[in-house]
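Take a look at the structure set out below.
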Amino acid sequence: MSTLNLVPALDRYIRAHRPEQLVVPPLIVLAIALVVLGGMFVSTGSPVRLGFEFEGGTMITLATDDSYEVLAAAFSEYPVIDLLDSGNRRMIKFGPMSEDEKRALVTEVNSDYGYATPEIKQMGAVYGASLQKQAVKAILISFVLMAAIIFLIFRTFVPSVAVVLSAFSDIVIAAAFIAITGIELSLGTVAALLMLIGYSVDSDILLTTRLLKRRGNLDDKIRGAMTTGMTMTSTTLAAITVMYLVATYSYLIVPTFPQISIISDIAIVLIFGLVADLMNTWMLNTGILKWYLQKPKTRRNKR
Amino acid sequence: MSTKLYKDIRIIVFVFFMLAALVAIYPSYDTDGGFSSRLQYGLDLEGGSRLQLRLEGVIAGIDADPSEIVRKEFSDAFGEVEILDQSESDIMFKIVGAGTDVEAEETPTKEEIEAIGYGSAFVRDDEITLTTSREYAIQTYLSKHLNCEVIYLGNDGYDLYEIRSTISKSELVDVLSPVGGSIAKDIKGKPVFKEEVTKKTQEMTKAILNEKLNIFGLKEIPITPVENNILLIDLAGIDLNTAQEIVATPGKFEIRIYTTDNNTTEHVVWGEHITAVDIPRERDGGWGIGFTVDGVGANAIRDAAVESGAVDDPAAHELVMLLDDKEIYSAPIAYELADNLRALYEKDENVPSYGLVATTGSGEEGRTKAAQLQVHLRAGALPVEVSVVGSGQVPAALGAQFKEQTVIAGLFALITVALVIFLRYRQKKIILPMIATSVSEVFMILGFASLVGWQLDLPSIAGVIAVIGTGIDHLVIITDEVLYEGVMPSLKVYLSRIGKAFAIIIAAAATTIIAMSPLLVMGFGALKGFAITTIIGVLIGVLIARPAYGRVIRELLE
């Protein structure tokens, strides 16, 4: 597995560089990610593109071969804002409509228009906005609670900050990735960002515990933790990648299979978040810990 | 290790929970050869419709002087009012100027005053004494001018009211300013005005919707209250049109009266004229439900009561209430009401609205009946207006495909994980127990889900994936910690290592659980399943499955 082969290379890299040098590249990436999110926020009022659940609107997915033109004509009475493919189904997005229009549309796709198995999703703009606030709140509270637990577990300032900083960086980089690729923020992506908090600290806790509580040569301990940590991340990454492929592209093999957008969303965000986590755990977190443990004062206390 | 594997407490606990999960899931093949189990699936896997309803209402603190309300309301009706005296329960006033309805200086009668709706009146010469209270006067005033039901909730340093309609802060201020009233401020000086309804109102709306769904033959429809003003309804196997129709269409409520021969009934009024329904209250030892009818309803009841002869012989001409043509209540008109109605009829005066009480008897039985009647009276109208803020429809066929596809995705993911693990360890003795442990964790989550009867939906499945992911991570940690030198160490070292491994995974599990917990308490309806699965899964993993794994690999690798 390629990530497993990374271990010797990364190990050599860590041994050859001073801690300050290790933390610089991840911090640069974090800074770029923050700039991206900030730029998006300034230009659009939101750091990532908001999906239908947060912005409100109506989305109808039909199993049909009709061209976009035919569909646009069929629904010309309604405010169609976008037509796109979801697997081999067609997805139509509608702008704001009155209650009566919404009802008429639902009736039409369910009966008159005669398309088989329409999937319908509607969300009011006001509720979407409150959902948006809750999503931000959920992520913030999760993060703060996670940080509190980390401080409680390690009870030392620098190692705890290192773990919390890497988790923060994972989330920021994943969010910046969402922003750059134009993926819309959905309930699925929010769930993924929360999952990322959990996954991210797993390897960080392993690393920190091994380095703080074990005896032995620091670089050897890092290598040991890395062997375990890389296995962890690569199994998760492999599983998530497969999930992503099945949820997104299985229609290419079995034409009737729909795309499962919530799983697809979660998977793609996790894939990027986990790649960011590899960098943050083994460069940022490791760099900070190495610096902390090599300080003369700390060494005296530890031995 | 000294104890035998099957005597080890970790293994016993593990086996026990696996069997419990098996019983809970109860997998079986039915006669058609199809697989069935006790697992329940959510809408996105089963097909059906989902509605997210927002209950439109406002909870506001109100500051107002009842005498100012009386002054305004009675001046509008009869001419300029002079307040003579005011106490907690009475307001004494007289009409001094010319009004629009009645000729100047003529003192209105008791009935005319009571018809305005602020309480019972006593008239002596030109002095009118109105028995009312501050809360009642404010409630009635708001209800009349905002055209909706208003409920007094109690005093919390200020009078708190639930206004069952969508109104803005400025609309409320506009209604209050003619009587010198205002929105009360809390200790921090912030106006008390929240766009939400009370838990009670939410519960009542839920109960009435349930009743309606029952009438449509839909049993056990999950209605989930979220926050203070949202209800989520999942209707399996029903398309969105039908779902909206059921929720939006009120039941047909009718009041009829027995005519002369006491065997046939005559239509009096439809449920749409009932404007407000109170909560069950005990009066003079008996329970009852107060409700208000609008002008049309009040006139219809007045005419029917007199023309049928009910005012002279109430017992022979009972009023009957029907819901969807089923009789749900009948009782004679009270004598006092009969007299009142007769007087109104003789004057042929239009009544703007009228409050009635349906009594249901004393004791626990009376209370239960009152509560039922409340729901039935309500079936004509939900206590608050609802608006559909979100909805969705998943066709059954699509749901079935989702189900199939998630199973395939899960299996492929598992195979991939097995492959990666194999590349790392290259030992069957490690891979098999590891994969088996992971599968057992999923099995126990499903067992738990089926035991508590919670519905698996796509977000819960995402939660299961998260658990598989962290689960494998933790098994890797245990394995690497124990096999630090590549071989199984002595018992003493093994025990200390397994302790260290669990210190790491318990810390990691605690962070995951804590990170998910906000989703449980916040009304994030859609992600609750995700959070529950993740938390339960992590607990099952750390407490049941992973300890057993730690024990088993020792046995296998020794």
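Going through the structure tokens in order, the chains are called A, B, and so on, while each chain numbers its residues from 1 and the ligands are numbered from 1 in the order shown.
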(message) as a PyMOL selection string, could you give me every residue of chain B near chain A (at most 8 Å apart, counting only C-alpha atoms)?
(response) chain B and resi 239-241+388-395+397-398+401-402+405-406+408-410+412-414+416-417+420-421+423-424+458-459+462+466+469-470+472-474+476-477+480+504-505+507-512+514-519+522+524+526-527+530
Residues of the last selection are to be written out with C-alpha atoms, as a CSV table (one decimal), in the first residue's frame.
chain,number,residue,atom,x,y,z
B,239,ASP,CA,-46.5,10.2,-1.6
B,240,LEU,CA,-46.0,13.8,-0.8
B,241,ASN,CA,-49.3,15.0,-2.2
B,388,VAL,CA,-44.5,23.3,5.7
B,389,VAL,CA,-40.8,24.4,6.0
B,390,GLY,CA,-39.3,21.3,4.4
B,391,SER,CA,-40.5,18.1,2.8
B,392,GLY,CA,-39.3,15.2,0.9
B,393,GLN,CA,-40.4,12.1,-1.0
B,394,VAL,CA,-38.4,9.0,-1.7
B,395,PRO,CA,-40.0,6.4,-3.9
B,397,ALA,CA,-38.1,1.6,-5.5
B,398,LEU,CA,-35.4,4.1,-5.0
B,401,GLN,CA,-31.9,0.5,-4.4
B,402,PHE,CA,-30.3,2.7,-1.8
B,405,GLN,CA,-26.2,-0.2,-2.7
B,406,THR,CA,-25.2,0.6,0.8
B,408,ILE,CA,-22.7,-3.5,-1.5
B,409,ALA,CA,-20.6,-0.4,-0.5
B,410,GLY,CA,-20.3,-1.8,3.0
B,412,PHE,CA,-16.6,-3.7,-0.6
B,413,ALA,CA,-15.3,-1.4,2.1
B,414,LEU,CA,-14.8,-4.4,4.4
B,416,THR,CA,-10.7,-3.4,1.1
B,417,VAL,CA,-10.0,-3.0,4.8
B,420,VAL,CA,-4.9,-3.3,3.7
B,421,ILE,CA,-4.7,-5.1,7.0
B,423,LEU,CA,-0.6,-6.1,3.5
B,424,ARG,CA,0.5,-4.8,6.8
B,458,LEU,CA,-28.9,6.9,5.4
B,459,PRO,CA,-27.3,9.1,8.0
B,462,ALA,CA,-23.0,6.8,7.6
B,466,ALA,CA,-17.7,5.9,11.0
B,469,GLY,CA,-13.5,3.2,10.5
B,470,THR,CA,-12.6,4.1,14.1
B,472,ILE,CA,-10.5,-0.9,12.8
B,473,ASP,CA,-8.2,2.0,13.9
B,474,HIS,CA,-8.6,0.9,17.5
B,476,VAL,CA,-4.7,-1.8,15.0
B,477,ILE,CA,-3.7,0.2,18.1
B,480,ASP,CA,0.5,-3.0,17.6
B,504,ILE,CA,-5.3,5.3,24.1
B,505,ILE,CA,-8.6,4.0,22.6
B,507,ALA,CA,-9.3,8.5,25.2
B,508,ALA,CA,-10.0,8.5,21.4
B,509,ALA,CA,-13.5,7.1,22.0
B,510,ALA,CA,-14.3,9.7,24.6
B,511,THR,CA,-13.4,12.5,22.1
B,512,THR,CA,-15.5,11.0,19.4
B,514,ILE,CA,-18.1,14.2,23.0
B,515,ALA,CA,-17.7,15.5,19.5
B,516,MET,CA,-21.0,13.9,18.4
B,517,SER,CA,-22.9,14.9,21.5
B,518,PRO,CA,-24.1,18.4,20.3
B,519,LEU,CA,-26.0,16.7,17.5
B,522,MET,CA,-29.6,20.1,19.2
B,524,PHE,CA,-30.7,18.8,14.1
B,526,ALA,CA,-31.6,14.8,10.2
B,527,LEU,CA,-28.3,14.1,11.8
B,530,PHE,CA,-25.9,9.6,12.6
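Distance annotation: of B:Leu53, B:Ile95, B:Val375, B:Val277, the residue with the minimal separation from B:Glu149 is B:Val277; atom set is only C-alpha atoms.
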(message) Neighbouring residues of B:Ile69 were defined as those with any atom within 10 Å, considering only C-alpha atoms; residues of the same chain fewer than 6 positions away were excluded. Please report them as a count of residues only.
(response) 12
(message) Need the shell around A:Asp170: protein/DNA/RNA residues with any atom at most 12 Å away, counting only C-alpha atoms. Skip same-chain ones fewer than 6 positions apart. Format as an MDAnalysis selection string?
(response) chainID A and resid 26:27 29:30 33:34 143 163:164 176:177 192:201 204 269:281 284:285
Selection: 12 Å around stretch 332-346 of chain B, only C-alpha atoms, excl. self and same-chain fewer than 2 positions, as a compact mmCIF listing (two decimals) with C-alpha atoms, in the first residue's frame:
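This is the output file around05.txt:
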# COMPACT_ATOMS: atom_id res chain seq x y z
CA THR B 109 -77.63 46.64 28.84
CA LYS B 110 -75.80 43.82 30.61
CA GLU B 111 -76.04 41.60 27.51
CA GLU B 112 -74.71 44.26 25.20
CA ILE B 113 -71.73 44.77 27.46
CA GLU B 114 -71.03 41.09 27.88
CA ALA B 115 -71.25 40.61 24.13
CA SER B 120 -69.64 39.56 33.16
CA ARG B 256 -76.11 19.48 15.72
CA ILE B 257 -79.15 19.84 17.98
CA TYR B 258 -82.05 17.48 18.75
CA ASN B 262 -85.88 14.20 20.26
CA ALA B 298 -72.85 32.18 18.01
CA ASN B 299 -75.88 33.37 16.04
CA ALA B 300 -76.49 29.88 14.69
CA ILE B 301 -76.40 28.37 18.18
CA ARG B 302 -78.63 31.14 19.53
CA ASP B 303 -81.24 30.63 16.80
CA ALA B 304 -81.10 26.85 16.95
CA ALA B 305 -81.44 26.80 20.72
CA VAL B 306 -84.52 29.00 20.66
CA GLU B 307 -86.18 27.57 17.56
CA SER B 308 -85.76 23.96 18.61
CA GLY B 309 -87.17 24.76 22.02
CA ALA B 310 -83.95 23.90 23.82
CA VAL B 311 -84.03 27.11 25.84
CA ASP B 312 -87.31 26.03 27.43
CA ASP B 313 -86.55 22.35 27.89
CA PRO B 314 -82.78 21.85 27.62
CA ALA B 315 -82.81 18.17 28.61
CA ALA B 316 -85.02 17.21 25.69
CA HIS B 317 -82.90 19.01 23.11
CA GLU B 318 -79.28 18.14 23.65
CA LEU B 319 -76.47 19.64 21.61
CA VAL B 320 -74.46 16.97 19.81
CA MET B 321 -70.90 17.21 18.52
CA TYR B 329 -70.21 14.39 22.77
CA SER B 330 -73.74 15.38 23.68
CA ASP B 348 -82.22 40.06 17.68
CA GLU B 349 -78.77 41.41 18.33
CA ASN B 350 -75.76 40.13 16.43
CA VAL B 351 -73.30 38.50 18.75
CA PRO B 352 -69.63 38.98 17.76
CA TYR B 354 -69.43 33.58 22.31
CA GLY B 355 -67.62 31.43 24.84
CA LEU B 356 -69.13 28.05 25.69
CA VAL B 357 -68.14 25.29 28.06
CA ALA B 358 -68.68 21.59 27.40
CA THR B 359 -68.76 19.81 30.77
CA THR B 360 -67.58 16.23 31.01
(message) Show me, as a ChimeraX atom specification, the residues that have an atom within 8 Å of B:Arg551 when counting only C-alpha atoms, minus same-chain residues fewer than 5 positions from it.
(response) /B:5,10-11
(request) Quick one: everything within 8 Å of stretch 437-443 of chain B, counting only C-alpha atoms, minus sequence neighbours fewer than 4 positions away in the same chain. Send it as an MDAnalysis selection string. (result) chainID B and resid 18 21 433 447 464 467:468 471:472 537 540:541 545:546 549
(message) What does the structure give for the distance between atom CA of B:Ala396 and atom CA of B:Thr242, in Å to one decimal?
(response)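 According to the coordinates, atom CA of B:Ala396 and atom CA of B:Thr242 are separated by 15.1 Å.
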(message) What parts of stretch 35-253 of chain B does DSSP call helix (DSSP H, G or I)? I'd like the answer as an NGL selection string.
(response) :B and (43-46 or 66-78 or 110-116 or 134-146 or 169-179 or 199-215 or 240-248)
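Rounded to one decimal, atom CA of A:Thr189 and atom CA of A:Asp265 lie 5.6 Å from each other.
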(request) Could you please write out, as a list in words, every residue of stretch 13-157 of chain A that DSSP assigns to strand (DSSP E)? (result) Gly57, Thr58, Met59, Ile60, Thr61, Leu62, Ala63, Val80, Ile81, Asp82, Leu83, Leu84, Asp85, Ser86, Arg89, Arg90, Met91, Ile92, Lys93, Phe94, Ala116, Thr117, Pro118, Glu119, Ile120, Lys121, Gln122 and Met123 of chain A
Just-selected residues, N, CA and C atoms written as a PDB file, in the first residue's frame:
ATOM      1  N   GLY A  57     -35.157  25.772  -1.086  1.00  0.00           N
ATOM      2  CA  GLY A  57     -35.429  25.537  -2.486  1.00  0.00           C
ATOM      3  C   GLY A  57     -36.061  24.168  -2.674  1.00  0.00           C
ATOM      4  N   THR A  58     -36.183  23.788  -3.931  1.00  0.00           N
ATOM      5  CA  THR A  58     -36.795  22.504  -4.244  1.00  0.00           C
ATOM      6  C   THR A  58     -35.902  21.757  -5.212  1.00  0.00           C
ATOM      7  N   MET A  59     -35.787  20.448  -4.984  1.00  0.00           N
ATOM      8  CA  MET A  59     -34.929  19.632  -5.837  1.00  0.00           C
ATOM      9  C   MET A  59     -35.710  18.386  -6.215  1.00  0.00           C
ATOM     10  N   ILE A  60     -35.759  18.117  -7.498  1.00  0.00           N
ATOM     11  CA  ILE A  60     -36.478  16.922  -7.939  1.00  0.00           C
ATOM     12  C   ILE A  60     -35.539  16.076  -8.789  1.00  0.00           C
ATOM     13  N   THR A  61     -35.453  14.804  -8.453  1.00  0.00           N
ATOM     14  CA  THR A  61     -34.605  13.904  -9.228  1.00  0.00           C
ATOM     15  C   THR A  61     -35.504  12.897  -9.940  1.00  0.00           C
ATOM     16  N   LEU A  62     -35.351  12.821 -11.256  1.00  0.00           N
ATOM     17  CA  LEU A  62     -36.208  11.957 -12.059  1.00  0.00           C
ATOM     18  C   LEU A  62     -35.384  10.894 -12.770  1.00  0.00           C
ATOM     19  N   ALA A  63     -35.978   9.713 -12.898  1.00  0.00           N
ATOM     20  CA  ALA A  63     -35.336   8.690 -13.724  1.00  0.00           C
ATOM     21  C   ALA A  63     -35.847   8.891 -15.139  1.00  0.00           C
ATOM     22  N   VAL A  80     -37.097  27.110 -12.761  1.00  0.00           N
ATOM     23  CA  VAL A  80     -35.979  26.166 -12.833  1.00  0.00           C
ATOM     24  C   VAL A  80     -34.678  26.960 -12.782  1.00  0.00           C
ATOM     25  N   ILE A  81     -33.793  26.641 -11.833  1.00  0.00           N
ATOM     26  CA  ILE A  81     -32.525  27.378 -11.808  1.00  0.00           C
ATOM     27  C   ILE A  81     -31.345  26.530 -12.260  1.00  0.00           C
ATOM     28  N   ASP A  82     -31.506  25.216 -12.234  1.00  0.00           N
ATOM     29  CA  ASP A  82     -30.373  24.388 -12.644  1.00  0.00           C
ATOM     30  C   ASP A  82     -30.851  22.992 -13.039  1.00  0.00           C
ATOM     31  N   LEU A  83     -30.177  22.439 -14.041  1.00  0.00           N
ATOM     32  CA  LEU A  83     -30.443  21.064 -14.450  1.00  0.00           C
ATOM     33  C   LEU A  83     -29.113  20.347 -14.430  1.00  0.00           C
ATOM     34  N   LEU A  84     -29.039  19.204 -13.750  1.00  0.00           N
ATOM     35  CA  LEU A  84     -27.780  18.472 -13.785  1.00  0.00           C
ATOM     36  C   LEU A  84     -28.010  16.973 -13.672  1.00  0.00           C
ATOM     37  N   ASP A  85     -26.945  16.214 -13.885  1.00  0.00           N
ATOM     38  CA  ASP A  85     -27.051  14.762 -13.804  1.00  0.00           C
ATOM     39  C   ASP A  85     -26.663  14.281 -12.431  1.00  0.00           C
ATOM     40  N   SER A  86     -27.412  13.327 -11.920  1.00  0.00           N
ATOM     41  CA  SER A  86     -27.062  12.679 -10.672  1.00  0.00           C
ATOM     42  C   SER A  86     -27.042  11.197 -11.003  1.00  0.00           C
ATOM     43  N   ARG A  89     -29.655   9.665 -13.376  1.00  0.00           N
ATOM     44  CA  ARG A  89     -30.928  10.352 -13.193  1.00  0.00           C
ATOM     45  C   ARG A  89     -30.694  11.840 -13.445  1.00  0.00           C
ATOM     46  N   ARG A  90     -31.784  12.550 -13.714  1.00  0.00           N
ATOM     47  CA  ARG A  90     -31.648  13.990 -13.929  1.00  0.00           C
ATOM     48  C   ARG A  90     -32.179  14.740 -12.709  1.00  0.00           C
ATOM     49  N   MET A  91     -31.404  15.738 -12.294  1.00  0.00           N
ATOM     50  CA  MET A  91     -31.811  16.516 -11.145  1.00  0.00           C
ATOM     51  C   MET A  91     -32.192  17.922 -11.585  1.00  0.00           C
ATOM     52  N   ILE A  92     -33.358  18.371 -11.140  1.00  0.00           N
ATOM     53  CA  ILE A  92     -33.804  19.731 -11.482  1.00  0.00           C
ATOM     54  C   ILE A  92     -33.879  20.526 -10.185  1.00  0.00           C
ATOM     55  N   LYS A  93     -33.250  21.698 -10.201  1.00  0.00           N
ATOM     56  CA  LYS A  93     -33.303  22.561  -9.020  1.00  0.00           C
ATOM     57  C   LYS A  93     -34.200  23.743  -9.304  1.00  0.00           C
ATOM     58  N   PHE A  94     -35.041  24.051  -8.338  1.00  0.00           N
ATOM     59  CA  PHE A  94     -35.969  25.166  -8.490  1.00  0.00           C
ATOM     60  C   PHE A  94     -35.663  26.259  -7.482  1.00  0.00           C
ATOM     61  N   ALA A 116     -41.241   8.140 -13.772  1.00  0.00           N
ATOM     62  CA  ALA A 116     -41.209   7.124 -12.729  1.00  0.00           C
ATOM     63  C   ALA A 116     -40.347   7.604 -11.564  1.00  0.00           C
ATOM     64  N   THR A 117     -40.738   7.216 -10.380  1.00  0.00           N
ATOM     65  CA  THR A 117     -39.994   7.408  -9.145  1.00  0.00           C
ATOM     66  C   THR A 117     -39.257   8.727  -8.991  1.00  0.00           C
ATOM     67  N   PRO A 118     -40.016   9.816  -8.890  1.00  0.00           N
ATOM     68  CA  PRO A 118     -39.329  11.072  -8.606  1.00  0.00           C
ATOM     69  C   PRO A 118     -38.925  11.146  -7.138  1.00  0.00           C
ATOM     70  N   GLU A 119     -37.732  11.662  -6.915  1.00  0.00           N
ATOM     71  CA  GLU A 119     -37.320  11.929  -5.541  1.00  0.00           C
ATOM     72  C   GLU A 119     -37.466  13.434  -5.349  1.00  0.00           C
ATOM     73  N   ILE A 120     -38.123  13.837  -4.271  1.00  0.00           N
ATOM     74  CA  ILE A 120     -38.404  15.260  -4.078  1.00  0.00           C
ATOM     75  C   ILE A 120     -37.807  15.725  -2.753  1.00  0.00           C
ATOM     76  N   LYS A 121     -37.186  16.870  -2.770  1.00  0.00           N
ATOM     77  CA  LYS A 121     -36.705  17.474  -1.523  1.00  0.00           C
ATOM     78  C   LYS A 121     -37.059  18.942  -1.535  1.00  0.00           C
ATOM     79  N   GLN A 122     -37.664  19.405  -0.462  1.00  0.00           N
ATOM     80  CA  GLN A 122     -37.984  20.825  -0.363  1.00  0.00           C
ATOM     81  C   GLN A 122     -37.497  21.344   0.973  1.00  0.00           C
ATOM     82  N   MET A 123     -37.019  22.564   0.967  1.00  0.00           N
ATOM     83  CA  MET A 123     -36.592  23.155   2.228  1.00  0.00           C
ATOM     84  C   MET A 123     -36.913  24.643   2.210  1.00  0.00           C
TER      85      MET A 123
END
(request) Using only C-alpha atoms, pick whichever of B:Tyr484, B:Ala60, B:Ile208, B:Ile478 has the shortest atom-to-atom distance to B:Asp186. (result) B:Ala60
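Each of A:Asn5, A:Ile268, A:Tyr251, A:Gly287 was compared to A:Ala175 using only C-alpha atoms, and A:Ile268 turns out to be the nearest.
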(request) For atom CA of B:Ile532 and atom CA of A:Val172, quote the distance in Å rounded to one decimal. (result)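 So the two atoms, atom CA of B:Ile532 and atom CA of A:Val172, lie 25.2 Å apart.
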